[in-house]
Amino acid sequence: MESYIVGLGEILFDCLPDGKKLGGAPANFAYHASQFGLNGIAVSAIGKDSNGEEIKQILDKTPSLKYHLEEVSQPTGTVQVSLSGNGIPQYDICLGVAYDNIPWTKEIENIAKNARAVCFGSLAQRTDVTRNTVQKFLDTMPQEGTLKVFDINLRQNWYSKEVIEESLNRCNILKLNDEEISLVSEILNLDVVRMPSNNAPLSLHDVEKQCRNIMRVYNLQILILTCGTNGSYVFHNNGISFQPTPKVKVADTVGAGDSFTGSFVACLLTGKPIEDAHRTAVQVSAYVCTQNGAMPTIPCELTK
């Protein structure tokens, strides 16, 4: 039986100023993991509509990425994306779309039983149907030796304390950014270290204190903190890895964080040390920022 690297949750069209691009954080994750030769699969739902058919047609032309998409009565997800002058995306996300209604099926159960890793977020868990499927998936996966990555991706107001806590109790890797960490700590009633008002980076002592606290309370193996142009940290039981953010000409940053996560997990699964996995993840993410859309082809020299 094949083993899978799963992106579980939303699949959708990002409607960018220059046209539609296939997206959704979990699907992006699975795509980038598959670029490293792993068996990436996107698990989600689409509507019985032209956008759903178009998503399947695109994925059929992406041979490195497998997919399992349940067809439901709700419309296929779309997100209106506007970009700032620095290429930073702003999202307008609709409720009541297909990925809000991913059913728990025998096919999805079989994928869970054969998953080596899964990445999931908070957005698709805003409804009971998909939240139930995500939780059953995590509980069905093999409990030893698998990676369960909660890439929190707080969007608009589509999250709750309950979803965050249930997800943290089921994951062993958490990824979040410097804007999310204080908010998450506040939601969870943990000690909060706030960003300075002048936008200066937090001190390493403050960053580590907050991250270690979350790791301790929720028994996490790894916590990834991305800080935009101020670099990124990977906290783990044996230390800290830090990588500066490369300076590149940004086309847009859509999917850059997902490429980081997919590359990092792929490197861990292929036996690389955390520091090497972190370095590769930063390089891949920087490359994705130079491209339009979330799923560009990654140069071979970055996936070796």
# chains A, B, ... in the order shown; residues from 1 in each chain; ligands from 1
>>> select_by_dssp(residues="stretch 122-167 of chain A", states="helix (DSSP H, G or I)", output="list in words")
Leu123, Ala124, Gln125, Arg126, Asp128, Val129, Thr130, Arg131, Asn132, Thr133, Val134, Gln135, Lys136, Phe137, Leu138, Asp139, Thr140, Lys161, Glu162, Val163, Ile164, Glu165, Glu166 and Ser167 of chain A
>>> residues_around(residues="stretch 246-262 of chain A", least_positions_apart="6", cutoff="6 Å", atoms="only C-alpha atoms", output="ChimeraX atom specification")
/A:25,28-29,32-33,87-88,281,285,288-294
>>> select_by_dssp(residues="stretch 96-206 of chain A", states="strand (DSSP E or B)", output="ChimeraX atom specification")
/A:115-120,147-151,173-177
>>> write_last_selection(atoms="C-alpha atoms", output="PDB file, in the first residue's frame")
ATOM      1  CA  ALA A 115      -0.472   8.721   5.760  1.00  0.00           C
ATOM      2  CA  ARG A 116       3.145   9.449   6.728  1.00  0.00           C
ATOM      3  CA  ALA A 117       2.379  13.136   7.215  1.00  0.00           C
ATOM      4  CA  VAL A 118      -0.553  15.521   7.030  1.00  0.00           C
ATOM      5  CA  CYS A 119      -0.825  19.288   6.975  1.00  0.00           C
ATOM      6  CA  PHE A 120      -4.076  20.972   8.003  1.00  0.00           C
ATOM      7  CA  LEU A 147       4.073  14.064  11.257  1.00  0.00           C
ATOM      8  CA  LYS A 148       0.877  16.006  11.954  1.00  0.00           C
ATOM      9  CA  VAL A 149       1.425  19.624  10.991  1.00  0.00           C
ATOM     10  CA  PHE A 150      -0.999  22.325  12.137  1.00  0.00           C
ATOM     11  CA  ASP A 151      -0.231  25.238   9.816  1.00  0.00           C
ATOM     12  CA  ILE A 173       4.287  20.288  14.643  1.00  0.00           C
ATOM     13  CA  LEU A 174       2.869  23.820  14.765  1.00  0.00           C
ATOM     14  CA  LYS A 175       3.616  26.499  12.175  1.00  0.00           C
ATOM     15  CA  LEU A 176       2.586  30.111  12.638  1.00  0.00           C
ATOM     16  CA  ASN A 177       3.857  33.610  11.926  1.00  0.00           C
TER      17      ASN A 177
END
>>> residues_around(residues="A:Val282", least_positions_apart="3", cutoff="9 Å", atoms="only C-alpha atoms", output="JSON, numbers by chain")
{"A": [231, 232, 243, 244, 245, 246, 259, 260, 263, 264, 277, 278, 279, 285, 286, 287]}
>>> write_last_selection(atoms="N, CA, C and O atoms", output="PDB file, in the first residue's frame")
ATOM      1  N   GLY A 231      13.297  36.866   9.108  1.00  0.00           N
ATOM      2  CA  GLY A 231      13.784  35.501   9.180  1.00  0.00           C
ATOM      3  C   GLY A 231      12.756  34.537   9.751  1.00  0.00           C
ATOM      4  O   GLY A 231      11.584  34.866   9.922  1.00  0.00           O
ATOM      5  N   SER A 232      13.219  33.333  10.058  1.00  0.00           N
ATOM      6  CA  SER A 232      12.330  32.297  10.600  1.00  0.00           C
ATOM      7  C   SER A 232      13.098  31.444  11.593  1.00  0.00           C
ATOM      8  O   SER A 232      14.320  31.298  11.514  1.00  0.00           O
ATOM      9  N   GLN A 243      17.079  30.994  10.307  1.00  0.00           N
ATOM     10  CA  GLN A 243      17.504  31.302   8.949  1.00  0.00           C
ATOM     11  C   GLN A 243      17.035  32.708   8.587  1.00  0.00           C
ATOM     12  O   GLN A 243      15.864  33.055   8.800  1.00  0.00           O
ATOM     13  N   PRO A 244      17.935  33.535   8.056  1.00  0.00           N
ATOM     14  CA  PRO A 244      17.495  34.847   7.567  1.00  0.00           C
ATOM     15  C   PRO A 244      16.647  34.694   6.313  1.00  0.00           C
ATOM     16  O   PRO A 244      16.706  33.659   5.632  1.00  0.00           O
ATOM     17  N   THR A 245      15.851  35.696   6.021  1.00  0.00           N
ATOM     18  CA  THR A 245      15.018  35.685   4.821  1.00  0.00           C
ATOM     19  C   THR A 245      15.815  36.232   3.643  1.00  0.00           C
ATOM     20  O   THR A 245      16.298  37.368   3.709  1.00  0.00           O
ATOM     21  N   PRO A 246      15.977  35.467   2.568  1.00  0.00           N
ATOM     22  CA  PRO A 246      16.714  35.987   1.402  1.00  0.00           C
ATOM     23  C   PRO A 246      16.006  37.191   0.792  1.00  0.00           C
ATOM     24  O   PRO A 246      14.770  37.294   0.817  1.00  0.00           O
ATOM     25  N   SER A 259       4.803  26.507   0.643  1.00  0.00           N
ATOM     26  CA  SER A 259       5.980  25.876   0.045  1.00  0.00           C
ATOM     27  C   SER A 259       7.051  25.644   1.103  1.00  0.00           C
ATOM     28  O   SER A 259       7.770  24.637   1.063  1.00  0.00           O
ATOM     29  N   PHE A 260       7.156  26.562   2.055  1.00  0.00           N
ATOM     30  CA  PHE A 260       8.077  26.386   3.184  1.00  0.00           C
ATOM     31  C   PHE A 260       7.725  25.116   3.945  1.00  0.00           C
ATOM     32  O   PHE A 260       8.587  24.250   4.191  1.00  0.00           O
ATOM     33  N   SER A 263       8.207  21.828   1.862  1.00  0.00           N
ATOM     34  CA  SER A 263       9.627  21.520   1.683  1.00  0.00           C
ATOM     35  C   SER A 263      10.259  21.042   2.980  1.00  0.00           C
ATOM     36  O   SER A 263      11.040  20.082   2.995  1.00  0.00           O
ATOM     37  N   PHE A 264       9.922  21.699   4.085  1.00  0.00           N
ATOM     38  CA  PHE A 264      10.476  21.324   5.388  1.00  0.00           C
ATOM     39  C   PHE A 264      10.092  19.898   5.749  1.00  0.00           C
ATOM     40  O   PHE A 264      10.948  19.077   6.133  1.00  0.00           O
ATOM     41  N   ALA A 277      16.795  20.933   6.687  1.00  0.00           N
ATOM     42  CA  ALA A 277      15.419  21.044   6.209  1.00  0.00           C
ATOM     43  C   ALA A 277      14.957  22.497   6.255  1.00  0.00           C
ATOM     44  O   ALA A 277      14.280  22.984   5.330  1.00  0.00           O
ATOM     45  N   HIS A 278      15.316  23.193   7.305  1.00  0.00           N
ATOM     46  CA  HIS A 278      14.955  24.598   7.461  1.00  0.00           C
ATOM     47  C   HIS A 278      15.591  25.442   6.349  1.00  0.00           C
ATOM     48  O   HIS A 278      14.934  26.284   5.726  1.00  0.00           O
ATOM     49  N   ARG A 279      16.861  25.208   6.079  1.00  0.00           N
ATOM     50  CA  ARG A 279      17.567  25.975   5.044  1.00  0.00           C
ATOM     51  C   ARG A 279      16.909  25.773   3.678  1.00  0.00           C
ATOM     52  O   ARG A 279      16.673  26.737   2.934  1.00  0.00           O
ATOM     53  N   SER A 285      10.870  28.740  -0.428  1.00  0.00           N
ATOM     54  CA  SER A 285       9.893  29.799  -0.197  1.00  0.00           C
ATOM     55  C   SER A 285      10.308  31.094  -0.888  1.00  0.00           C
ATOM     56  O   SER A 285       9.470  31.794  -1.480  1.00  0.00           O
ATOM     57  N   ALA A 286      11.591  31.412  -0.838  1.00  0.00           N
ATOM     58  CA  ALA A 286      12.083  32.623  -1.503  1.00  0.00           C
ATOM     59  C   ALA A 286      11.877  32.529  -3.012  1.00  0.00           C
ATOM     60  O   ALA A 286      11.485  33.502  -3.664  1.00  0.00           O
ATOM     61  N   TYR A 287      12.126  31.341  -3.569  1.00  0.00           N
ATOM     62  CA  TYR A 287      11.913  31.164  -5.008  1.00  0.00           C
ATOM     63  C   TYR A 287      10.441  31.351  -5.369  1.00  0.00           C
ATOM     64  O   TYR A 287      10.110  32.015  -6.360  1.00  0.00           O
TER      65      TYR A 287
END
>>> atom_distance(atom1="atom CA of A:Leu65", atom2="atom CA of A:Asp92")
26.7 Å
>>> residues_around(residues="A:Ala45", least_positions_apart="5", cutoff="10 Å", atoms="only C-alpha atoms", output="PyMOL selection string")
chain A and resi 8-12+52+68-77+97-103+130
>>> residues_around(residues="stretch 132-139 of chain A", least_positions_apart="2", cutoff="6 Å", atoms="only C-alpha atoms", output="list in words")
Trp104, Ala112, Asp128, Val129, Thr130 and Met141 of chain A
>>> closest_residue(among="A:Lys56, A:Lys20, A:Arg155, A:His236", to="A:Glu275", atoms="only C-alpha atoms")
A:His236
>>> closest_residue(among="A:Ser34, A:Asn114, A:Asn219, A:Thr62", to="A:Thr146", atoms="only C-alpha atoms")
A:Asn114
>>> residues_around(residues="A:Lys66", least_positions_apart="6", cutoff="8 Å", atoms="only C-alpha atoms", output="PyMOL selection string")
chain A and resi 39-42+59
>>> write_last_selection(atoms="C-alpha atoms", output="PDB file, in the first residue's frame")
ATOM      1  CA  ASN A  39       3.641  10.825  -2.711  1.00  0.00           C
ATOM      2  CA  GLY A  40       1.760  14.065  -2.140  1.00  0.00           C
ATOM      3  CA  ILE A  41      -2.027  14.005  -2.230  1.00  0.00           C
ATOM      4  CA  ALA A  42      -4.570  16.797  -1.843  1.00  0.00           C
ATOM      5  CA  LEU A  59      -4.466  18.564 -11.266  1.00  0.00           C
TER       6      LEU A  59
END
>>> closest_residue(among="A:Pro273, A:Ile240, A:Asp60, A:Val184", to="A:His205", atoms="only C-alpha atoms")
A:Ile240
>>> closest_residue(among="A:Cys171, A:Ile55, A:Leu16, A:Cys94", to="A:Asn157", atoms="only C-alpha atoms")
A:Cys94
>>> atom_distance(atom1="atom CA of A:Tyr67", atom2="atom CA of A:Asp49")
17.5 Å
>>> atom_distance(atom1="atom CA of A:Gly228", atom2="atom CA of A:Ile181")
13.2 Å
